[in-house]
>>> print(open('final_36.tsv').read())   # TSV, C-alpha atoms
chain	number	residue	atom	x	y	z
A	601	MET	CA	165.37	-6.55	-118.73
A	602	VAL	CA	162.01	-8.06	-117.81
A	603	THR	CA	162.89	-11.69	-117.13
A	604	SER	CA	166.40	-11.42	-115.69
A	605	TRP	CA	166.23	-11.67	-111.89
A	606	ARG	CA	168.42	-13.15	-109.18
A	607	ALA	CA	168.26	-13.64	-105.42
A	608	ASP	CA	171.46	-11.90	-104.35
A	609	PRO	CA	172.06	-12.72	-100.65
A	610	GLY	CA	173.97	-9.54	-99.79
A	611	THR	CA	171.38	-7.30	-101.40
A	612	LEU	CA	168.46	-9.06	-99.74
A	613	VAL	CA	170.15	-8.94	-96.32
A	614	ALA	CA	170.78	-5.20	-96.72
A	615	ALA	CA	167.19	-4.49	-97.80
A	616	VAL	CA	165.67	-6.60	-95.00
A	617	ALA	CA	168.01	-5.08	-92.39
A	618	LEU	CA	167.09	-1.56	-93.50
A	619	LEU	CA	163.33	-2.05	-93.42
A	620	GLY	CA	163.34	-4.51	-90.51
A	621	GLY	CA	165.41	-2.23	-88.30
A	622	TYR	CA	163.11	0.69	-89.02
A	623	LEU	CA	159.95	-1.33	-88.30
A	624	LEU	CA	161.47	-2.74	-85.10
A	625	ALA	CA	162.28	0.76	-83.87
A	626	LEU	CA	158.79	1.88	-84.82
A	627	ALA	CA	157.25	-0.99	-82.85
A	628	ARG	CA	159.21	-0.01	-79.72
A	629	ARG	CA	158.36	3.66	-80.04
A	630	ARG	CA	155.80	5.25	-77.69
A	631	GLY	CA	154.07	8.53	-78.40
A	632	PRO	CA	151.91	10.20	-81.03
A	633	ALA	CA	151.05	8.27	-84.16
A	634	TRP	CA	153.91	8.02	-86.62
A	635	PRO	CA	153.06	9.31	-90.12
A	636	ARG	CA	152.49	6.42	-92.50
A	637	ALA	CA	154.11	8.33	-95.33
A	638	ARG	CA	157.46	8.15	-93.52
A	639	THR	CA	157.22	4.39	-93.15
A	640	GLY	CA	156.25	4.13	-96.81
A	641	CYS	CA	159.33	6.11	-97.82
A	642	VAL	CA	161.66	3.76	-95.93
A	643	ALA	CA	159.89	0.75	-97.43
A	644	ALA	CA	160.45	2.29	-100.86
A	645	ALA	CA	164.14	2.89	-100.00
A	646	ALA	CA	164.54	-0.80	-99.11
A	647	ALA	CA	162.76	-1.71	-102.35
A	648	THR	CA	165.25	0.33	-104.38
A	649	VAL	CA	168.13	-1.54	-102.75
A	650	ALA	CA	166.52	-4.88	-103.65
A	651	LEU	CA	165.77	-3.65	-107.16
A	652	VAL	CA	169.31	-2.59	-108.07
A	653	GLY	CA	170.76	-5.83	-106.74
A	654	CYS	CA	168.20	-8.43	-107.81
A	655	SER	CA	166.71	-7.11	-111.07
A	656	PHE	CA	168.48	-7.03	-114.45
A	657	LEU	CA	170.57	-4.16	-113.03
A	658	GLY	CA	172.14	-6.64	-110.65
A	659	VAL	CA	172.30	-9.50	-113.14
A	660	TYR	CA	174.32	-7.44	-115.63
A	661	ASP	CA	176.14	-5.11	-113.21
A	662	THR	CA	179.54	-6.61	-114.08
A	663	THR	CA	178.71	-7.10	-117.77
A	664	LEU	CA	177.47	-3.67	-118.90
A	665	PHE	CA	178.87	-0.30	-117.88
A	666	TRP	CA	175.53	1.48	-118.02
A	667	THR	CA	173.71	-0.93	-115.69
A	668	ARG	CA	176.36	-0.38	-113.02
A	669	ALA	CA	175.99	3.37	-113.58
A	670	ALA	CA	172.22	3.11	-113.04
A	671	GLN	CA	172.85	1.16	-109.83
A	672	ASN	CA	175.16	3.81	-108.47
A	673	VAL	CA	172.83	6.70	-109.33
A	674	VAL	CA	169.98	5.01	-107.48
A	675	LEU	CA	172.15	4.25	-104.45
A	676	LEU	CA	173.54	7.79	-104.26
A	677	MET	CA	170.40	9.80	-105.04
A	678	LEU	CA	167.13	7.87	-104.77
A	679	THR	CA	167.67	5.47	-101.87
A	680	PRO	CA	169.08	8.14	-99.49
A	681	LEU	CA	166.37	10.63	-100.46
A	682	LEU	CA	163.63	8.15	-99.54
A	683	LEU	CA	165.46	7.20	-96.36
A	684	ALA	CA	165.81	10.84	-95.28
A	685	LEU	CA	162.07	11.36	-95.90
A	686	GLY	CA	161.48	8.53	-93.43
A	687	SER	CA	162.93	10.62	-90.56
A	688	PRO	CA	165.11	7.89	-88.99
A	689	VAL	CA	167.02	10.27	-86.69
A	690	ARG	CA	163.85	11.43	-84.98
A	691	LEU	CA	162.66	7.83	-84.68
A	692	VAL	CA	165.88	6.79	-82.94
A	693	ALA	CA	165.72	9.83	-80.66
A	694	ASP	CA	162.21	8.85	-79.57
A	695	LEU	CA	163.57	5.53	-78.31
A	696	LEU	CA	166.21	7.11	-76.06
A	697	PRO	CA	165.62	7.80	-72.35
A	698	ALA	CA	165.29	11.45	-71.36
A	699	THR	CA	168.87	11.69	-70.01
A	700	ARG	CA	170.45	10.13	-73.08
A	701	ARG	CA	168.21	12.15	-75.36
A	702	ALA	CA	169.55	15.38	-73.86
A	703	ARG	CA	173.11	14.15	-74.34
A	704	TRP	CA	172.28	13.17	-77.93
A	705	SER	CA	170.84	16.64	-78.56
A	706	ARG	CA	173.99	18.31	-77.24
A	707	LEU	CA	176.15	16.11	-79.44
A	708	LEU	CA	173.94	16.76	-82.46
A	709	HIS	CA	174.25	20.54	-82.04
A	710	SER	CA	177.92	20.59	-81.08
A	711	GLY	CA	180.47	22.67	-82.91
A	712	ALA	CA	182.04	19.60	-84.51
A	713	ALA	CA	178.70	18.41	-85.85
A	714	ARG	CA	177.96	21.88	-87.23
A	715	ALA	CA	181.35	21.99	-88.95
A	716	LEU	CA	180.95	18.52	-90.46
A	717	THR	CA	177.54	19.44	-91.88
A	718	PHE	CA	178.58	22.80	-93.30
A	719	PRO	CA	176.99	23.20	-96.76
A	720	ILE	CA	180.30	23.05	-98.64
A	721	VAL	CA	181.31	19.92	-96.72
A	722	VAL	CA	178.13	17.98	-97.47
A	723	THR	CA	178.35	19.05	-101.11
A	724	VAL	CA	181.86	17.62	-101.35
A	725	VAL	CA	180.67	14.45	-99.61
A	726	LEU	CA	177.94	14.07	-102.23
A	727	VAL	CA	180.01	14.83	-105.34
A	728	VAL	CA	183.43	13.31	-104.58
A	729	PRO	CA	182.50	9.59	-104.09
A	730	MET	CA	181.34	9.21	-107.69
A	731	LEU	CA	184.45	10.96	-109.01
A	732	VAL	CA	186.72	8.74	-106.93
A	733	LEU	CA	184.81	5.61	-107.90
A	734	TYR	CA	185.02	6.13	-111.65
A	735	LEU	CA	188.32	7.97	-111.98
A	736	SER	CA	190.44	5.65	-109.85
A	737	PRO	CA	191.32	1.93	-109.78
A	738	LEU	CA	188.43	1.43	-107.36
A	739	TYR	CA	185.89	0.88	-110.13
A	740	PRO	CA	187.60	-2.18	-111.67
A	741	LEU	CA	188.00	-3.56	-108.15
A	742	THR	CA	184.25	-3.33	-107.54
A	743	LEU	CA	183.70	-5.37	-110.69
A	744	ARG	CA	185.96	-8.17	-109.43
A	745	SER	CA	185.14	-8.18	-105.72
A	746	PRO	CA	181.58	-8.44	-104.32
A	747	VAL	CA	182.91	-7.16	-100.98
A	748	ALA	CA	184.38	-4.03	-102.56
A	749	SER	CA	181.17	-3.55	-104.53
A	750	GLY	CA	179.06	-3.80	-101.37
A	751	LEU	CA	181.30	-1.37	-99.47
A	752	ALA	CA	181.20	1.12	-102.36
A	753	GLY	CA	177.40	0.93	-102.47
A	754	THR	CA	177.21	1.47	-98.71
A	755	VAL	CA	179.43	4.55	-98.96
A	756	LEU	CA	177.23	5.97	-101.72
A	757	VAL	CA	174.08	5.51	-99.65
A	758	ALA	CA	175.72	7.03	-96.56
A	759	ALA	CA	177.03	10.04	-98.53
A	760	GLY	CA	173.66	10.65	-100.14
A	761	TRP	CA	171.83	10.31	-96.83
A	762	LEU	CA	174.13	12.84	-95.13
A	763	TYR	CA	173.33	15.31	-97.90
A	764	PHE	CA	169.55	14.82	-97.93
A	765	TRP	CA	169.32	14.66	-94.12
A	766	THR	CA	171.00	18.04	-93.68
A	767	ARG	CA	169.30	19.69	-96.66
A	768	LEU	CA	165.69	18.56	-96.13
A	769	ARG	CA	165.76	19.14	-92.34
A	770	ILE	CA	162.84	16.79	-91.73
A	771	ASP	CA	164.93	15.30	-88.93
A	772	PRO	CA	166.76	17.39	-86.31
A	773	THR	CA	170.04	18.63	-87.81
A	774	PRO	CA	173.10	20.44	-86.43
A	775	ARG	CA	172.49	23.42	-88.73
A	776	THR	CA	169.45	25.34	-89.95
A	777	ASP	CA	170.79	26.89	-93.11
A	778	PRO	CA	168.24	28.63	-95.33
A	779	TYR	CA	166.64	26.45	-97.98
A	780	LEU	CA	167.95	28.89	-100.57
A	781	VAL	CA	171.44	27.60	-99.75
A	782	THR	CA	170.19	24.11	-100.59
A	783	LEU	CA	169.09	25.26	-104.03
A	784	TRP	CA	172.57	26.68	-104.67
A	785	ILE	CA	174.15	23.42	-103.53
A	786	THR	CA	171.90	21.55	-105.94
A	787	ILE	CA	173.31	23.62	-108.79
A	788	ILE	CA	176.85	22.67	-107.74
A	789	GLU	CA	175.82	19.01	-107.65
A	790	VAL	CA	174.44	19.32	-111.18
A	791	ILE	CA	177.80	20.72	-112.31
A	792	GLY	CA	179.58	17.79	-110.65
A	793	ASP	CA	177.35	15.33	-112.53
A	794	ALA	CA	178.12	17.15	-115.78
A	795	VAL	CA	181.89	17.01	-115.20
A	796	LEU	CA	181.85	13.27	-114.56
A	797	GLY	CA	179.54	12.66	-117.52
A	798	VAL	CA	181.72	14.60	-119.94
A	799	VAL	CA	184.92	12.91	-118.73
A	800	LEU	CA	183.40	9.43	-119.20
A	801	TRP	CA	181.85	10.42	-122.52
A	802	LEU	CA	185.01	11.81	-124.10
A	803	GLY	CA	187.71	10.11	-122.03
A	804	PRO	CA	189.30	6.66	-122.27
A	805	LEU	CA	187.46	3.45	-121.48
A	806	VAL	CA	187.07	2.72	-117.77
A	807	ALA	CA	187.80	-0.91	-116.86
A	808	GLY	CA	188.11	-1.62	-120.58
A	809	GLY	CA	190.21	-4.75	-119.92
A	810	HIS	CA	187.48	-6.26	-117.75
A	811	TYR	CA	184.70	-5.67	-120.26
A	812	ALA	CA	186.82	-6.77	-123.25
A	813	ALA	CA	187.70	-10.04	-121.51
A	814	LEU	CA	183.99	-10.95	-121.39
A	815	HIS	CA	183.96	-11.33	-125.20
A	816	ARG	CA	180.35	-10.17	-125.26
A	817	ASP	CA	178.86	-10.58	-128.75
A	818	TRP	CA	175.55	-8.84	-128.01
A	819	GLY	CA	174.43	-5.40	-126.97
A	820	PRO	CA	176.35	-2.12	-127.42
A	821	ASP	CA	180.08	-2.05	-128.07
A	822	LEU	CA	182.38	-0.94	-125.25
A	823	ARG	CA	182.51	2.73	-126.28
A	824	THR	CA	178.75	3.03	-126.81
A	825	ASP	CA	178.14	1.23	-123.52
A	826	GLN	CA	180.28	3.78	-121.65
A	827	VAL	CA	178.67	6.71	-123.46
A	828	VAL	CA	175.23	5.48	-122.42
A	829	GLY	CA	176.50	5.03	-118.87
A	830	ALA	CA	177.90	8.55	-118.89
A	831	GLY	CA	174.47	9.83	-119.89
A	832	VAL	CA	172.86	7.84	-117.07
A	833	LEU	CA	175.26	9.34	-114.53
A	834	TRP	CA	174.84	12.85	-115.95
A	835	VAL	CA	171.10	13.01	-116.55
A	836	GLY	CA	169.87	10.32	-114.17
A	837	GLY	CA	171.02	12.12	-111.04
A	838	ASP	CA	169.44	15.37	-112.16
A	839	VAL	CA	166.12	13.69	-112.98
A	840	ILE	CA	166.02	11.96	-109.59
A	841	GLY	CA	166.89	15.31	-108.00
A	842	LEU	CA	163.72	16.96	-109.33
A	843	PRO	CA	161.46	15.52	-106.56
A	844	PHE	CA	164.06	16.67	-104.04
A	845	ILE	CA	163.87	20.23	-105.36
A	846	GLY	CA	160.07	20.03	-105.17
A	847	VAL	CA	160.22	18.95	-101.52
A	848	VAL	CA	162.69	21.75	-100.70
A	849	ILE	CA	160.47	24.40	-102.32
A	850	ALA	CA	157.40	23.06	-100.52
A	851	ARG	CA	159.18	23.10	-97.15
A	852	MET	CA	160.53	26.59	-97.84
A	853	ALA	CA	157.00	27.84	-98.53
A	854	ARG	CA	155.68	26.14	-95.39
A	855	GLU	CA	158.47	27.66	-93.31
A	856	ASP	CA	157.60	31.14	-94.62
A	857	GLU	CA	153.94	30.59	-93.74
A	858	GLN	CA	154.83	29.49	-90.21
A	859	ARG	CA	157.08	32.52	-89.77
A	860	ALA	CA	154.31	34.82	-90.99
A	861	VAL	CA	151.82	33.28	-88.54
A	862	LYS	CA	154.31	33.73	-85.68
A	863	ILE	CA	154.93	37.38	-86.59
A	864	ASP	CA	151.18	38.05	-86.85
A	865	ALA	CA	150.65	36.52	-83.41
A	866	GLU	CA	153.40	38.67	-81.91
A	867	LEU	CA	151.98	41.80	-83.49
A	868	ASP	CA	148.49	40.93	-82.22
A	869	ALA	CA	149.92	40.50	-78.72
A	870	LEU	CA	151.60	43.92	-78.93
A	871	GLU	CA	148.33	45.49	-80.05
A	872	ASP	CA	146.49	43.89	-77.13
A	873	VAL	CA	149.05	45.28	-74.70
A	874	ALA	CA	148.75	48.70	-76.31
A	875	ASP	CA	144.94	48.62	-76.05
A	876	ASP	CA	145.12	47.75	-72.35
A	877	GLY	CA	147.72	50.43	-71.58
A	878	PRO	CA	147.34	54.15	-70.96
A	879	GLU	CA	145.97	56.49	-73.59
A	880	PRO	CA	148.66	57.64	-76.02
A	881	ASP	CA	149.98	61.17	-75.68
A	882	PRO	CA	148.60	63.26	-78.58
A	883	ALA	CA	151.82	65.28	-78.58
A	884	ALA	CA	153.99	62.16	-79.05
A	885	PRO	CA	155.21	61.44	-82.58
A	886	ALA	CA	153.26	58.78	-84.48
A	887	ARG	CA	154.85	55.31	-84.58
A	888	LEU	CA	155.60	53.80	-87.95
A	889	TRP	CA	154.31	50.29	-88.65
A	890	TRP	CA	157.74	48.63	-88.85
A	891	GLU	CA	158.64	49.84	-85.35
A	892	ASP	CA	156.30	47.15	-84.02
A	893	ASP	CA	157.58	44.38	-86.28
A	894	PRO	CA	159.85	42.05	-84.24
A	895	GLN	CA	162.20	41.46	-87.18
A	896	LEU	CA	162.36	45.01	-88.51
A	897	ALA	CA	162.19	47.16	-85.38
A	898	GLU	CA	165.87	46.80	-84.48
A	899	ARG	CA	167.08	47.37	-88.03
A	900	PHE	CA	164.97	50.46	-88.73
A	901	ARG	CA	164.69	51.97	-85.29
A	902	ARG	CA	164.80	55.76	-85.02
A	903	ARG	CA	168.20	57.31	-84.36
>>> encode(input="final_36.tsv", output="structure tokens")
Amino acid sequence: MVTSWRADPGTLVAAVALLGGYLLALARRRGPAWPRARTGCVAAAAATVALVGCSFLGVYDTTLFWTRAAQNVVLLMLTPLLLALGSPVRLVADLLPATRRARWSRLLHSGAARALTFPIVVTVVLVVPMLVLYLSPLYPLTLRSPVASGLAGTVLVAAGWLYFWTRLRIDPTPRTDPYLVTLWITIIEVIGDAVLGVVLWLGPLVAGGHYAALHRDWGPDLRTDQVVGAGVLWVGGDVIGLPFIGVVIARMAREDEQRAVKIDAELDALEDVADDGPEPDPAAPARLWWEDDPQLAERFRRR
């Protein structure tokens, strides 16, 4: 685990392209200073890609079931989360001319984009790829073909990024669903991880012919190897999801604070207008406090 490393060309090209493209776009950008934390997140995302392909996880990814499972969890959950925190959509938008930026904004907020990023849709996009990968002939194919393995990894990263992009809302998104919806979606994702983990734990061996043909005389036996991999897929995704939940809660609290500040400013403006206006009629009925609240006035207005 410590000394097994390799220089996998495909992995290195993907990691360099990810970070290099982001830094190139950042160099061409004009405007306010870009937060360093966002650049650091994308650098970390590229590092995770290099790690899963060049460390012992990559060396033994066709030899042990659990190392391939760890790879896939990182590519689906950790790499996309870090990439979404880097705000790539906003960075690309900053590079567009004003005319194209307006067209991009219209496309981003179109009905089709809103439908494709509906919470149920992005949840399915996050959960289904792992189920298809492990419960279909695709998994043995990824063990035999580097091209199929690379395409599968790319799909996992894309699916995870779509989920985290629309749920974190650090970048502009077609929808602005409440963050509470995101927490419910996270629960569904946890259930999906559990289903896959139980099936692999109790079900038949996946790609058993491939692993048996290796005649490996070290490490766990085939059943134990798959049970460990099932645990990695089940628990690993949930553990990686904890920082995501923390970010969602923090952004939800910040959004509530910003809404409270906006409401306070509107109420102060109404009070200023009232102070500058004519003296109130003593015979007029007293106004209740919620009648001046912008969000509550319409709901609780007098009949």
>>> residues_around(input="final_36.tsv", residues="Leu751 in chain A", least_positions_apart="5", cutoff="9 Å", atoms="all atoms listed in the file", output="VMD selection string")
chain A and resid 742 746 756
>>> atom_distance(input="final_36.tsv", atom1="CA of Tyr739 in chain A", atom2="CA of Ala807 in chain A")
7.2 Å
>>> atom_distance(input="final_36.tsv", atom1="CA of Ser710 in chain A", atom2="CA of Trp634 in chain A")
27.7 Å
>>> closest_residue(input="final_36.tsv", among="A:Val674, A:Tyr660, A:Thr766, A:Ile785", to="Ala644 in chain A", atoms="only C-alpha atoms")
A:Val674
>>> residues_around(input="final_36.tsv", residues="Arg630 in chain A", least_positions_apart="4", cutoff="12 Å", atoms="all atoms listed in the file", output="short mmCIF file (atom, residue, chain, number, x, y, z; two decimals) with C-alpha atoms, in the coordinates of the input")
data_model
loop_
_atom_site.label_atom_id
_atom_site.label_comp_id
_atom_site.auth_asym_id
_atom_site.auth_seq_id
_atom_site.Cartn_x
_atom_site.Cartn_y
_atom_site.Cartn_z
CA ALA A 625 162.28 0.76 -83.87
CA LEU A 626 158.79 1.88 -84.82
CA TRP A 634 153.91 8.02 -86.62
CA LEU A 691 162.66 7.83 -84.68
CA VAL A 692 165.88 6.79 -82.94
CA ALA A 693 165.72 9.83 -80.66
CA ASP A 694 162.21 8.85 -79.57
CA LEU A 695 163.57 5.53 -78.31
CA LEU A 696 166.21 7.11 -76.06
CA PRO A 697 165.62 7.80 -72.35
#
>>> atom_distance(input="final_36.tsv", atom1="CA of Leu738 in chain A", atom2="CA of Gly831 in chain A")
20.6 Å
>>> build_atoms(input="final_36.tsv", residues="range 642-671 of chain A", atoms="N, CA and C atoms", output="tab-separated table (two decimals), keeping the file's coordinate frame")
chain	number	residue	atom	x	y	z
A	642	VAL	N	160.59	4.70	-96.27
A	642	VAL	CA	161.66	3.76	-95.93
A	642	VAL	C	161.44	2.42	-96.61
A	643	ALA	N	160.18	1.98	-96.70
A	643	ALA	CA	159.89	0.75	-97.43
A	643	ALA	C	160.30	0.88	-98.90
A	644	ALA	N	160.04	2.05	-99.48
A	644	ALA	CA	160.45	2.29	-100.86
A	644	ALA	C	161.97	2.31	-100.98
A	645	ALA	N	162.67	2.88	-99.97
A	645	ALA	CA	164.14	2.89	-100.00
A	645	ALA	C	164.68	1.46	-99.99
A	646	ALA	N	164.10	0.60	-99.14
A	646	ALA	CA	164.54	-0.80	-99.11
A	646	ALA	C	164.23	-1.49	-100.44
A	647	ALA	N	163.11	-1.13	-101.05
A	647	ALA	CA	162.76	-1.71	-102.35
A	647	ALA	C	163.75	-1.32	-103.43
A	648	THR	N	164.27	-0.08	-103.38
A	648	THR	CA	165.25	0.33	-104.38
A	648	THR	C	166.55	-0.44	-104.23
A	649	VAL	N	166.92	-0.74	-102.98
A	649	VAL	CA	168.13	-1.54	-102.75
A	649	VAL	C	167.95	-2.93	-103.35
A	650	ALA	N	166.79	-3.55	-103.09
A	650	ALA	CA	166.52	-4.88	-103.65
A	650	ALA	C	166.46	-4.83	-105.17
A	651	LEU	N	165.91	-3.76	-105.71
A	651	LEU	CA	165.77	-3.65	-107.16
A	651	LEU	C	167.12	-3.58	-107.86
A	652	VAL	N	168.02	-2.75	-107.37
A	652	VAL	CA	169.31	-2.59	-108.07
A	652	VAL	C	170.18	-3.83	-107.95
A	653	GLY	N	169.93	-4.65	-106.93
A	653	GLY	CA	170.76	-5.83	-106.74
A	653	GLY	C	170.18	-7.11	-107.29
A	654	CYS	N	168.85	-7.17	-107.42
A	654	CYS	CA	168.20	-8.43	-107.81
A	654	CYS	C	167.55	-8.38	-109.18
A	655	SER	N	167.30	-7.21	-109.73
A	655	SER	CA	166.71	-7.11	-111.07
A	655	SER	C	167.80	-7.26	-112.13
A	656	PHE	N	167.47	-6.94	-113.38
A	656	PHE	CA	168.48	-7.03	-114.45
A	656	PHE	C	169.66	-6.10	-114.18
A	657	LEU	N	169.45	-5.03	-113.38
A	657	LEU	CA	170.57	-4.16	-113.03
A	657	LEU	C	171.63	-4.91	-112.24
A	658	GLY	N	171.19	-5.83	-111.40
A	658	GLY	CA	172.14	-6.64	-110.65
A	658	GLY	C	172.69	-7.80	-111.47
A	659	VAL	N	171.85	-8.38	-112.32
A	659	VAL	CA	172.30	-9.50	-113.14
A	659	VAL	C	173.43	-9.09	-114.07
A	660	TYR	N	173.34	-7.89	-114.64
A	660	TYR	CA	174.32	-7.44	-115.63
A	660	TYR	C	175.24	-6.35	-115.07
A	661	ASP	N	175.35	-6.23	-113.76
A	661	ASP	CA	176.14	-5.11	-113.21
A	661	ASP	C	177.63	-5.26	-113.43
A	662	THR	N	178.13	-6.45	-113.74
A	662	THR	CA	179.54	-6.61	-114.08
A	662	THR	C	179.73	-6.88	-115.57
A	663	THR	N	178.64	-6.82	-116.33
A	663	THR	CA	178.71	-7.10	-117.77
A	663	THR	C	178.57	-5.84	-118.61
A	664	LEU	N	177.72	-4.92	-118.17
A	664	LEU	CA	177.47	-3.67	-118.90
A	664	LEU	C	177.82	-2.48	-118.02
A	665	PHE	N	178.49	-1.52	-118.61
A	665	PHE	CA	178.87	-0.30	-117.88
A	665	PHE	C	177.65	0.48	-117.45
A	666	TRP	N	176.65	0.60	-118.31
A	666	TRP	CA	175.53	1.48	-118.02
A	666	TRP	C	174.62	0.94	-116.93
A	667	THR	N	174.53	-0.39	-116.77
A	667	THR	CA	173.71	-0.93	-115.69
A	667	THR	C	174.34	-0.64	-114.33
A	668	ARG	N	175.67	-0.74	-114.27
A	668	ARG	CA	176.36	-0.38	-113.02
A	668	ARG	C	176.19	1.11	-112.73
A	669	ALA	N	176.21	1.94	-113.77
A	669	ALA	CA	175.99	3.37	-113.58
A	669	ALA	C	174.59	3.64	-113.02
A	670	ALA	N	173.59	2.93	-113.55
A	670	ALA	CA	172.22	3.11	-113.04
A	670	ALA	C	172.14	2.68	-111.58
A	671	GLN	N	172.80	1.59	-111.23
A	671	GLN	CA	172.85	1.16	-109.83
A	671	GLN	C	173.38	2.27	-108.93
